[in-house]
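Below you'll find the structure, written out as structure tokens, and then a few comments.
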Amino acid sequence: MFKLEYQIFETDEELNKNIDLMKKEGMNTIYGYILLTFNSNEIGDLISNYGIINPNLEENEMYLYEENLCWWFDTLLRVTELLDDYEYVRFKELESLDAWVSLEKDNKKLKVISFYYYDRKTPDVISTEKIHSDDVEFREEIDIEEFRNNIIIKVKKFIKELEEINPDLLQLSEVVELLEFIS
């Protein structure tokens, strides 16, 4: 089982209020929280997992760790595209030097491994070069079509959500790239 969940960090009101500032300052992304679930193993986190909490309280430091949702969606879409032509694809977790997720096709399944490996040769976040690491977080097997479909459905939902908040958000360059990718 594969499941992708996300939450936009700013409220609809904040995004609407900040759209002009975002464009002016060249901020081209939407921040939030993302959770990838591979059977019983997870990468990421969601604020909603903690109930309603006050972001101004020091002990609620989860609010300090929002992710670039556009980057995550772009990376996951590129991975699905590469899986059309390659048997093996790995991608680095955002802002991590050594946390990777590898996906290897096995008929209609994907063998998923979350592992740590510092790769000086591959500065990119996506690679088709297979490597071995003994520092494995987890191993899982998921359905390849479920993986693909879930990503595409969630990206479309994300774009629709942005459009409902403010259609001007669809003009941010990173959102434009997502739109081009799924068109």
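We label chains A, B, ... in the order they appear in the structure tokens, count residues from 1 in each chain, and number ligands from 1 in the order shown.
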For this session: Excluding range 98-106 of chain A and any residue of its chain fewer than 2 positions from it, enumerate the residues within 6 Å of it, using only C-alpha atoms, and give them as a PyMOL selection string.
Result: chain A and resi 87-93+96+109-118
Can I get the selected residues back with N, CA and C atoms, as a PDB file, in the first residue's frame?
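Now in again_7.pdb:
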ATOM      1  N   GLU A  87      14.505   0.397 -14.566  1.00  0.00           N
ATOM      2  CA  GLU A  87      14.095  -0.599 -13.577  1.00  0.00           C
ATOM      3  C   GLU A  87      14.333  -0.099 -12.151  1.00  0.00           C
ATOM      4  N   TYR A  88      15.229   0.871 -12.016  1.00  0.00           N
ATOM      5  CA  TYR A  88      15.639   1.347 -10.691  1.00  0.00           C
ATOM      6  C   TYR A  88      15.727   2.872 -10.706  1.00  0.00           C
ATOM      7  N   VAL A  89      15.127   3.489  -9.703  1.00  0.00           N
ATOM      8  CA  VAL A  89      15.218   4.941  -9.525  1.00  0.00           C
ATOM      9  C   VAL A  89      15.332   5.200  -8.023  1.00  0.00           C
ATOM     10  N   ARG A  90      16.181   6.153  -7.673  1.00  0.00           N
ATOM     11  CA  ARG A  90      16.259   6.560  -6.272  1.00  0.00           C
ATOM     12  C   ARG A  90      16.153   8.079  -6.205  1.00  0.00           C
ATOM     13  N   PHE A  91      15.611   8.537  -5.084  1.00  0.00           N
ATOM     14  CA  PHE A  91      15.519   9.983  -4.888  1.00  0.00           C
ATOM     15  C   PHE A  91      15.888  10.318  -3.450  1.00  0.00           C
ATOM     16  N   LYS A  92      16.462  11.513  -3.319  1.00  0.00           N
ATOM     17  CA  LYS A  92      16.913  11.985  -2.014  1.00  0.00           C
ATOM     18  C   LYS A  92      15.761  12.722  -1.336  1.00  0.00           C
ATOM     19  N   GLU A  93      15.658  12.532  -0.044  1.00  0.00           N
ATOM     20  CA  GLU A  93      14.667  13.287   0.709  1.00  0.00           C
ATOM     21  C   GLU A  93      15.098  14.749   0.761  1.00  0.00           C
ATOM     22  N   SER A  96      18.106  16.696   2.821  1.00  0.00           N
ATOM     23  CA  SER A  96      18.897  15.665   3.481  1.00  0.00           C
ATOM     24  C   SER A  96      20.162  15.416   2.667  1.00  0.00           C
ATOM     25  N   LYS A 109       5.138  -4.735  -9.172  1.00  0.00           N
ATOM     26  CA  LYS A 109       5.445  -4.264  -7.824  1.00  0.00           C
ATOM     27  C   LYS A 109       6.679  -3.358  -7.848  1.00  0.00           C
ATOM     28  N   LEU A 110       6.810  -2.589  -6.790  1.00  0.00           N
ATOM     29  CA  LEU A 110       8.013  -1.803  -6.559  1.00  0.00           C
ATOM     30  C   LEU A 110       8.617  -2.248  -5.237  1.00  0.00           C
ATOM     31  N   LYS A 111       9.884  -2.585  -5.275  1.00  0.00           N
ATOM     32  CA  LYS A 111      10.614  -2.842  -4.036  1.00  0.00           C
ATOM     33  C   LYS A 111      11.137  -1.488  -3.563  1.00  0.00           C
ATOM     34  N   VAL A 112      10.715  -1.092  -2.383  1.00  0.00           N
ATOM     35  CA  VAL A 112      11.050   0.218  -1.832  1.00  0.00           C
ATOM     36  C   VAL A 112      12.029   0.032  -0.681  1.00  0.00           C
ATOM     37  N   ILE A 113      13.114   0.793  -0.733  1.00  0.00           N
ATOM     38  CA  ILE A 113      14.085   0.769   0.365  1.00  0.00           C
ATOM     39  C   ILE A 113      14.379   2.202   0.772  1.00  0.00           C
ATOM     40  N   SER A 114      14.213   2.486   2.042  1.00  0.00           N
ATOM     41  CA  SER A 114      14.622   3.772   2.610  1.00  0.00           C
ATOM     42  C   SER A 114      15.971   3.533   3.266  1.00  0.00           C
ATOM     43  N   PHE A 115      16.968   4.311   2.859  1.00  0.00           N
ATOM     44  CA  PHE A 115      18.328   4.045   3.341  1.00  0.00           C
ATOM     45  C   PHE A 115      19.131   5.336   3.439  1.00  0.00           C
ATOM     46  N   TYR A 116      20.271   5.215   4.083  1.00  0.00           N
ATOM     47  CA  TYR A 116      21.181   6.350   4.228  1.00  0.00           C
ATOM     48  C   TYR A 116      22.460   6.033   3.464  1.00  0.00           C
ATOM     49  N   TYR A 117      22.877   7.008   2.670  1.00  0.00           N
ATOM     50  CA  TYR A 117      24.086   6.845   1.874  1.00  0.00           C
ATOM     51  C   TYR A 117      24.536   8.225   1.438  1.00  0.00           C
ATOM     52  N   TYR A 118      25.756   8.601   1.786  1.00  0.00           N
ATOM     53  CA  TYR A 118      26.269   9.889   1.339  1.00  0.00           C
ATOM     54  C   TYR A 118      26.892   9.692  -0.035  1.00  0.00           C
TER      55      TYR A 118
END
Exercise. Got a sec: who's within 8 Å of Asp45 in chain A, counting only C-alpha atoms, leaving out chain neighbours fewer than 3 positions off, as a PyMOL selection string?
Worked result: chain A and resi 33-35+42+49
Please produce an output containing N, CA and C atoms for each residue in the selection, written as an mmCIF file, in the first residue's frame.
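Result file part-v2.cif:
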data_model
loop_
_atom_site.group_PDB
_atom_site.id
_atom_site.type_symbol
_atom_site.label_atom_id
_atom_site.label_comp_id
_atom_site.auth_asym_id
_atom_site.auth_seq_id
_atom_site.Cartn_x
_atom_site.Cartn_y
_atom_site.Cartn_z
ATOM 1 N N TYR A 33 3.362 20.317 4.642
ATOM 2 C CA TYR A 33 3.823 19.071 5.247
ATOM 3 C C TYR A 33 3.440 17.935 4.323
ATOM 4 N N ILE A 34 4.285 16.924 4.291
ATOM 5 C CA ILE A 34 4.033 15.788 3.392
ATOM 6 C C ILE A 34 4.317 14.494 4.151
ATOM 7 N N LEU A 35 3.538 13.491 3.825
ATOM 8 C CA LEU A 35 3.703 12.188 4.441
ATOM 9 C C LEU A 35 3.568 11.124 3.355
ATOM 10 N N GLU A 42 6.673 5.179 7.268
ATOM 11 C CA GLU A 42 6.375 6.541 6.836
ATOM 12 C C GLU A 42 7.637 7.375 6.668
ATOM 13 N N ASN A 49 -1.597 15.223 12.485
ATOM 14 C CA ASN A 49 -1.348 14.061 13.338
ATOM 15 C C ASN A 49 -1.216 14.455 14.801
#
Exercise. What lies within 7 Å of Leu69 in chain A using only C-alpha atoms, ignoring chain neighbours under 3 positions off, as a list in words?
Worked result: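 Contacts, with the query itself left out: Ile30, Tyr31, Gly32, Trp72 and Phe73 of chain A.
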Problem set entry | Filtered DSSP result for range 4-181 of chain A, state strand (DSSP E), as a PyMOL selection string | chain A and resi 4-8+31-38+41-44+67-68+88-92+99-106+109-116+126-127+136-143
For this session: Might you pull out every residue within 12 Å of Lys156 in chain A, with only C-alpha atoms counted and same-chain residues fewer than 2 positions away left off, and present them as a ChimeraX atom specification?
Result: /A:70,73,77,149-154,158-163,170,175,178-183
Problem set entry | Secondary structure check, alpha helix (DSSP H) residues of chain A, as a PyMOL selection string | chain A and resi 12-25+69-82+144-165+173-182
